[in-house]
Amino acid sequence: MIQSPVIFLLGPTACGKTASSILLAEQLNAEIVSVDSALVYRDMNIGTAKPDSQERAGIAHHLIDVCDPDEAYSVARFCDDALRMIDDIQRRNKLALLTGGTMLYFNALEKGIAPLPDANAELREALSKEAETIGWPGMHEKLALIDPLAAERIHPNDPQRLQRALEVHQLTGQALTELQKNTKPLLPVPPLKFALLPDSRAWLHERISRRFVQMLDNGFLDEVRDIQQKYAVKADMPSMRSVGYRQAWQHLAGEYDQDSMIDKAQAATRQLAKRQMTWIRSMAGLNTLSCDKLEVAEQVETMATVCTQQLPKTDL
């Protein structure tokens with residue numbers, strides 16, 4: 001049974017969470033649980049900026065490389081896996097540090113998940129075919145008519161979540177937003193939450209641009225080719241819809257040249273970061289740190305001090 005608070009370390013993509021989380025885990029005798037919908041996939045290393053074996057050395061990392069790119073990984077499965085990992089970590093008298101950028105996962109752990117119907121392959125196929133006809137923005141308009149609150153949360157270019165919201169409505173006759181009201185927290189003790197946010201959006205955008213170019217230099221396109229050959233992946237699978245992978249797939253399919261791919265991938269990553277920051281700023285009880293003004297060591301010192309003050313002494 002989970003008895004102690006866990007630590008959340010949130011932040012937009014490219015803000016420096018990996019370095020801060022590893023150093024904080026070292027200071028707190030913690031283990032890291034990844035909260036990232038792309039890091040769960042094997043062989044998706046470069047495009048996800050997955051921490052390598054050297055970075056992970058000495059600190060146990062969980063929920064990385066747990067499924068193949070041609071598998072689906074749901075919010076419900078994440079919650080089951082994360083709760084099991086947290087319990088195991090606490091049984092070994094360590095702290096669980098949950099870090100990543102998939103805000104939907106953090107929200108599910110903190111607020112719970114609704115009792116939703118299982119995916120229906122036939123219905124999803126029908127929705128995908130409809131999207132081919134009217135486009136995902138058209139599907140977004142359909143969602144706005146039946147569930148305006150969900151439409152506000154879900155971007156018109158987010159096929160996975162649009163499809164799920166429409167699927168749930170067709171299967172149950174109820175709006176996803178209404179069903180999601182019937183939830184309760186999955187963590188018995190409220191988490192201690194930290195967020196790394198930049199004061200300057202230009203600083204983050206520059207890091208995003210530089211990181212994607214570095215990914216290409218590190219062999220990102222070869223990684224995508226290898227995944228296409230090794231696994232039965234399709235362009236519409238969740239793994240290949242991840243930012244960067246979607247644009248790389250389209251480039252390799254001949255839809256546009258490499259310069260256009262770079263522009264599109266960087267723009268999509270900036271949009272992702274904006275959505276992440278909007279979600280983070282809506283969360284209550286955050287301890288916010290400036291990731292562009294504070295060095296990593298300063299960030300960690302501040303977080304460690306707060307943990308010492310707010311966590312029960314038995315947890316440290």
# chains A, B, ... in the order shown; residues from 1 in each chain; ligands from 1

$ residues_around --residues "Met44 of chain A" --least-positions-apart "5" --cutoff "9 Å" --atoms "only C-alpha atoms" --output "MDAnalysis selection string"
chainID A and resid 38:39 49:50 65 69 223:224 227 239

$ write_last_selection --atoms "C-alpha atoms" --output "PDB file, in the first residue's frame"
ATOM      1  CA  ALA A  38       6.803   8.246 -25.631  1.00  0.00           C
ATOM      2  CA  LEU A  39       9.535   6.946 -23.321  1.00  0.00           C
ATOM      3  CA  ALA A  49      15.515  12.403 -25.804  1.00  0.00           C
ATOM      4  CA  LYS A  50      15.432   9.263 -23.670  1.00  0.00           C
ATOM      5  CA  ASP A  65      11.079   0.724 -22.588  1.00  0.00           C
ATOM      6  CA  PRO A  69       6.161   0.904 -30.846  1.00  0.00           C
ATOM      7  CA  GLU A 223      16.164   5.348 -35.926  1.00  0.00           C
ATOM      8  CA  VAL A 224      12.769   5.859 -37.566  1.00  0.00           C
ATOM      9  CA  ILE A 227      11.591   1.083 -36.299  1.00  0.00           C
ATOM     10  CA  SER A 239       4.042   5.967 -31.057  1.00  0.00           C
TER      11      SER A 239
END

$ residues_around --residues "Ala151 of chain A" --least-positions-apart "6" --cutoff "10 Å" --atoms "only C-alpha atoms" --output "ChimeraX atom specification"
/A:139-145,161-162,165,177

$ closest_atom_pairs --of "segment 217-300 of chain A" --to "segment 19-24 of chain A" --cutoff "9 Å" --atoms "only C-alpha atoms" --output "CSV"
residue,atom,partner,partner_atom,distance
A:Val296,CA,A:Ser20,CA,5.7
A:Ala297,CA,A:Ser20,CA,7.7
A:Gln299,CA,A:Ser20,CA,7.1
A:Val300,CA,A:Leu24,CA,5.5

$ residues_around --residues "Asp87 of chain A" --least-positions-apart "4" --cutoff "12 Å" --atoms "only C-alpha atoms" --output "list in words"
Met1, Ile2, Gln3, Ser4, Pro5, Val6, Glu31, Val33, Asp80, Asp81, Ala82, Leu83, Arg91, Arg92, Asn93, Lys94, Leu95, Ala96, Leu187 and Pro188 of chain A

$ atom_distance --atom1 "atom CA of Pro137 of chain A" --atom2 "atom CA of Phe212 of chain A"
26.7 Å

$ residues_around --residues "Ala304 of chain A" --least-positions-apart "3" --cutoff "8 Å" --atoms "only C-alpha atoms" --output "PDB file with N, CA and C atoms, in the first residue's frame"
ATOM      1  N   LEU A  24      18.247  15.406  -8.264  1.00  0.00           N
ATOM      2  CA  LEU A  24      17.351  15.421  -7.109  1.00  0.00           C
ATOM      3  C   LEU A  24      17.186  14.013  -6.545  1.00  0.00           C
ATOM      4  N   GLN A  27      20.085  13.161  -4.389  1.00  0.00           N
ATOM      5  CA  GLN A  27      20.088  13.837  -3.089  1.00  0.00           C
ATOM      6  C   GLN A  27      19.052  13.261  -2.128  1.00  0.00           C
ATOM      7  N   LEU A  28      17.930  12.781  -2.676  1.00  0.00           N
ATOM      8  CA  LEU A  28      16.827  12.343  -1.824  1.00  0.00           C
ATOM      9  C   LEU A  28      16.746  10.828  -1.652  1.00  0.00           C
ATOM     10  N   VAL A 300      17.778  22.120  -7.905  1.00  0.00           N
ATOM     11  CA  VAL A 300      17.749  20.926  -7.059  1.00  0.00           C
ATOM     12  C   VAL A 300      17.887  21.302  -5.588  1.00  0.00           C
ATOM     13  N   GLU A 301      18.746  22.257  -5.295  1.00  0.00           N
ATOM     14  CA  GLU A 301      18.896  22.693  -3.906  1.00  0.00           C
ATOM     15  C   GLU A 301      17.576  23.226  -3.353  1.00  0.00           C
ATOM     16  N   CYS A 307      11.459  19.692   0.055  1.00  0.00           N
ATOM     17  CA  CYS A 307      11.159  18.308   0.440  1.00  0.00           C
ATOM     18  C   CYS A 307      11.490  18.065   1.903  1.00  0.00           C
ATOM     19  N   THR A 308      12.600  18.586   2.352  1.00  0.00           N
ATOM     20  CA  THR A 308      13.013  18.421   3.748  1.00  0.00           C
ATOM     21  C   THR A 308      11.996  19.066   4.679  1.00  0.00           C
TER      22      THR A 308
END

$ select_by_dssp --residues "segment 63-95 of chain A" --states "helix (DSSP H, G or I)" --output "PyMOL selection string"
chain A and resi 75-91

$ write_last_selection --atoms "C-alpha atoms" --output "mmCIF file, in the first residue's frame"
data_model
loop_
_atom_site.group_PDB
_atom_site.id
_atom_site.type_symbol
_atom_site.label_atom_id
_atom_site.label_comp_id
_atom_site.auth_asym_id
_atom_site.auth_seq_id
_atom_site.Cartn_x
_atom_site.Cartn_y
_atom_site.Cartn_z
ATOM 1 C CA VAL A 75 -3.635 6.111 -19.436
ATOM 2 C CA ALA A 76 -5.193 3.264 -17.469
ATOM 3 C CA ARG A 77 -2.194 1.035 -18.076
ATOM 4 C CA PHE A 78 0.142 3.835 -17.029
ATOM 5 C CA CYS A 79 -1.754 4.323 -13.772
ATOM 6 C CA ASP A 80 -1.669 0.609 -12.991
ATOM 7 C CA ASP A 81 2.050 0.423 -13.759
ATOM 8 C CA ALA A 82 2.927 3.614 -11.889
ATOM 9 C CA LEU A 83 1.002 2.666 -8.740
ATOM 10 C CA ARG A 84 2.696 -0.715 -8.697
ATOM 11 C CA MET A 85 6.122 0.896 -9.097
ATOM 12 C CA ILE A 86 5.462 3.480 -6.401
ATOM 13 C CA ASP A 87 4.382 0.780 -3.952
ATOM 14 C CA ASP A 88 7.502 -1.247 -4.725
ATOM 15 C CA ILE A 89 9.767 1.779 -4.290
ATOM 16 C CA GLN A 90 8.222 2.735 -0.968
ATOM 17 C CA ARG A 91 8.472 -0.821 0.304
#

$ closest_atom_pairs --of "segment 39-149 of chain A" --to "segment 213-217 of chain A" --cutoff "10 Å" --atoms "only C-alpha atoms" --output "JSON lines"
{"residue": "A:Asn45", "atom": "CA", "partner": "A:Met215", "partner_atom": "CA", "distance": 9.8}
{"residue": "A:Ile46", "atom": "CA", "partner": "A:Met215", "partner_atom": "CA", "distance": 6.0}
{"residue": "A:Gly47", "atom": "CA", "partner": "A:Met215", "partner_atom": "CA", "distance": 6.4}
{"residue": "A:Thr48", "atom": "CA", "partner": "A:Met215", "partner_atom": "CA", "distance": 9.1}
{"residue": "A:Ala49", "atom": "CA", "partner": "A:Met215", "partner_atom": "CA", "distance": 8.0}

$ atom_distance --atom1 "atom CA of Arg164 of chain A" --atom2 "atom CA of Pro117 of chain A"
10.1 Å

$ residues_around --residues "segment 9-13 of chain A" --least-positions-apart "2" --cutoff "6 Å" --atoms "only C-alpha atoms" --output "ChimeraX atom specification"
/A:15,99-101,194-196,273,276

$ atom_distance --atom1 "atom CA of Leu192 of chain A" --atom2 "atom CA of Leu63 of chain A"
20.2 Å

$ select_by_dssp --residues "segment 50-274 of chain A" --states "strand (DSSP E or B)" --output "JSON, numbers by chain"
{"A": [61, 62, 67, 95, 96, 97, 98, 99, 100, 192, 193, 194, 195, 196, 197]}

$ decode --residues "segment 28-84 of chain A" --atoms "C-alpha atoms" --output "PDB file, in the first residue's frame"
ATOM      1  CA  LEU A  28      16.827  12.343  -1.824  1.00  0.00           C
ATOM      2  CA  ASN A  29      17.637   8.629  -2.202  1.00  0.00           C
ATOM      3  CA  ALA A  30      14.763   8.412  -4.663  1.00  0.00           C
ATOM      4  CA  GLU A  31      13.957   6.323  -7.718  1.00  0.00           C
ATOM      5  CA  ILE A  32      12.536   7.859 -10.868  1.00  0.00           C
ATOM      6  CA  VAL A  33       9.230   6.875 -12.445  1.00  0.00           C
ATOM      7  CA  SER A  34       8.913   8.232 -15.976  1.00  0.00           C
ATOM      8  CA  VAL A  35       5.666  10.038 -16.776  1.00  0.00           C
ATOM      9  CA  ASP A  36       6.086  10.173 -20.523  1.00  0.00           C
ATOM     10  CA  SER A  37       3.883   8.602 -23.189  1.00  0.00           C
ATOM     11  CA  ALA A  38       6.803   8.246 -25.631  1.00  0.00           C
ATOM     12  CA  LEU A  39       9.535   6.946 -23.321  1.00  0.00           C
ATOM     13  CA  VAL A  40       7.491   3.786 -22.761  1.00  0.00           C
ATOM     14  CA  TYR A  41       8.408   2.611 -26.276  1.00  0.00           C
ATOM     15  CA  ARG A  42      11.452   0.483 -26.981  1.00  0.00           C
ATOM     16  CA  ASP A  43      13.916   1.664 -29.645  1.00  0.00           C
ATOM     17  CA  MET A  44      12.475   5.191 -29.616  1.00  0.00           C
ATOM     18  CA  ASN A  45      15.563   6.684 -28.055  1.00  0.00           C
ATOM     19  CA  ILE A  46      16.865   9.634 -30.040  1.00  0.00           C
ATOM     20  CA  GLY A  47      13.559  11.254 -30.950  1.00  0.00           C
ATOM     21  CA  THR A  48      12.285  11.087 -27.376  1.00  0.00           C
ATOM     22  CA  ALA A  49      15.515  12.403 -25.804  1.00  0.00           C
ATOM     23  CA  LYS A  50      15.432   9.263 -23.670  1.00  0.00           C
ATOM     24  CA  PRO A  51      18.058   9.348 -20.894  1.00  0.00           C
ATOM     25  CA  ASP A  52      20.845   6.977 -21.845  1.00  0.00           C
ATOM     26  CA  SER A  53      22.505   4.316 -19.711  1.00  0.00           C
ATOM     27  CA  GLN A  54      25.220   6.722 -18.572  1.00  0.00           C
ATOM     28  CA  GLU A  55      22.670   9.306 -17.417  1.00  0.00           C
ATOM     29  CA  ARG A  56      20.660   6.612 -15.633  1.00  0.00           C
ATOM     30  CA  ALA A  57      23.701   5.079 -13.938  1.00  0.00           C
ATOM     31  CA  GLY A  58      23.190   4.765 -10.194  1.00  0.00           C
ATOM     32  CA  ILE A  59      19.526   5.853 -10.264  1.00  0.00           C
ATOM     33  CA  ALA A  60      16.768   3.335 -10.937  1.00  0.00           C
ATOM     34  CA  HIS A  61      14.395   4.465 -13.705  1.00  0.00           C
ATOM     35  CA  HIS A  62      10.984   2.881 -14.213  1.00  0.00           C
ATOM     36  CA  LEU A  63       8.401   2.844 -17.037  1.00  0.00           C
ATOM     37  CA  ILE A  64      10.979   3.306 -19.768  1.00  0.00           C
ATOM     38  CA  ASP A  65      11.079   0.724 -22.588  1.00  0.00           C
ATOM     39  CA  VAL A  66       8.028  -1.211 -21.406  1.00  0.00           C
ATOM     40  CA  CYS A  67       6.311  -1.861 -24.752  1.00  0.00           C
ATOM     41  CA  ASP A  68       6.971  -1.996 -28.492  1.00  0.00           C
ATOM     42  CA  PRO A  69       6.161   0.904 -30.846  1.00  0.00           C
ATOM     43  CA  ASP A  70       3.426  -1.127 -32.525  1.00  0.00           C
ATOM     44  CA  GLU A  71       1.557  -1.502 -29.207  1.00  0.00           C
ATOM     45  CA  ALA A  72      -0.871   0.951 -27.637  1.00  0.00           C
ATOM     46  CA  TYR A  73      -0.152   2.248 -24.129  1.00  0.00           C
ATOM     47  CA  SER A  74      -3.147   3.737 -22.349  1.00  0.00           C
ATOM     48  CA  VAL A  75      -3.635   6.111 -19.436  1.00  0.00           C
ATOM     49  CA  ALA A  76      -5.193   3.264 -17.469  1.00  0.00           C
ATOM     50  CA  ARG A  77      -2.194   1.035 -18.076  1.00  0.00           C
ATOM     51  CA  PHE A  78       0.142   3.835 -17.029  1.00  0.00           C
ATOM     52  CA  CYS A  79      -1.754   4.323 -13.772  1.00  0.00           C
ATOM     53  CA  ASP A  80      -1.669   0.609 -12.991  1.00  0.00           C
ATOM     54  CA  ASP A  81       2.050   0.423 -13.759  1.00  0.00           C
ATOM     55  CA  ALA A  82       2.927   3.614 -11.889  1.00  0.00           C
ATOM     56  CA  LEU A  83       1.002   2.666  -8.740  1.00  0.00           C
ATOM     57  CA  ARG A  84       2.696  -0.715  -8.697  1.00  0.00           C
TER      58      ARG A  84
END
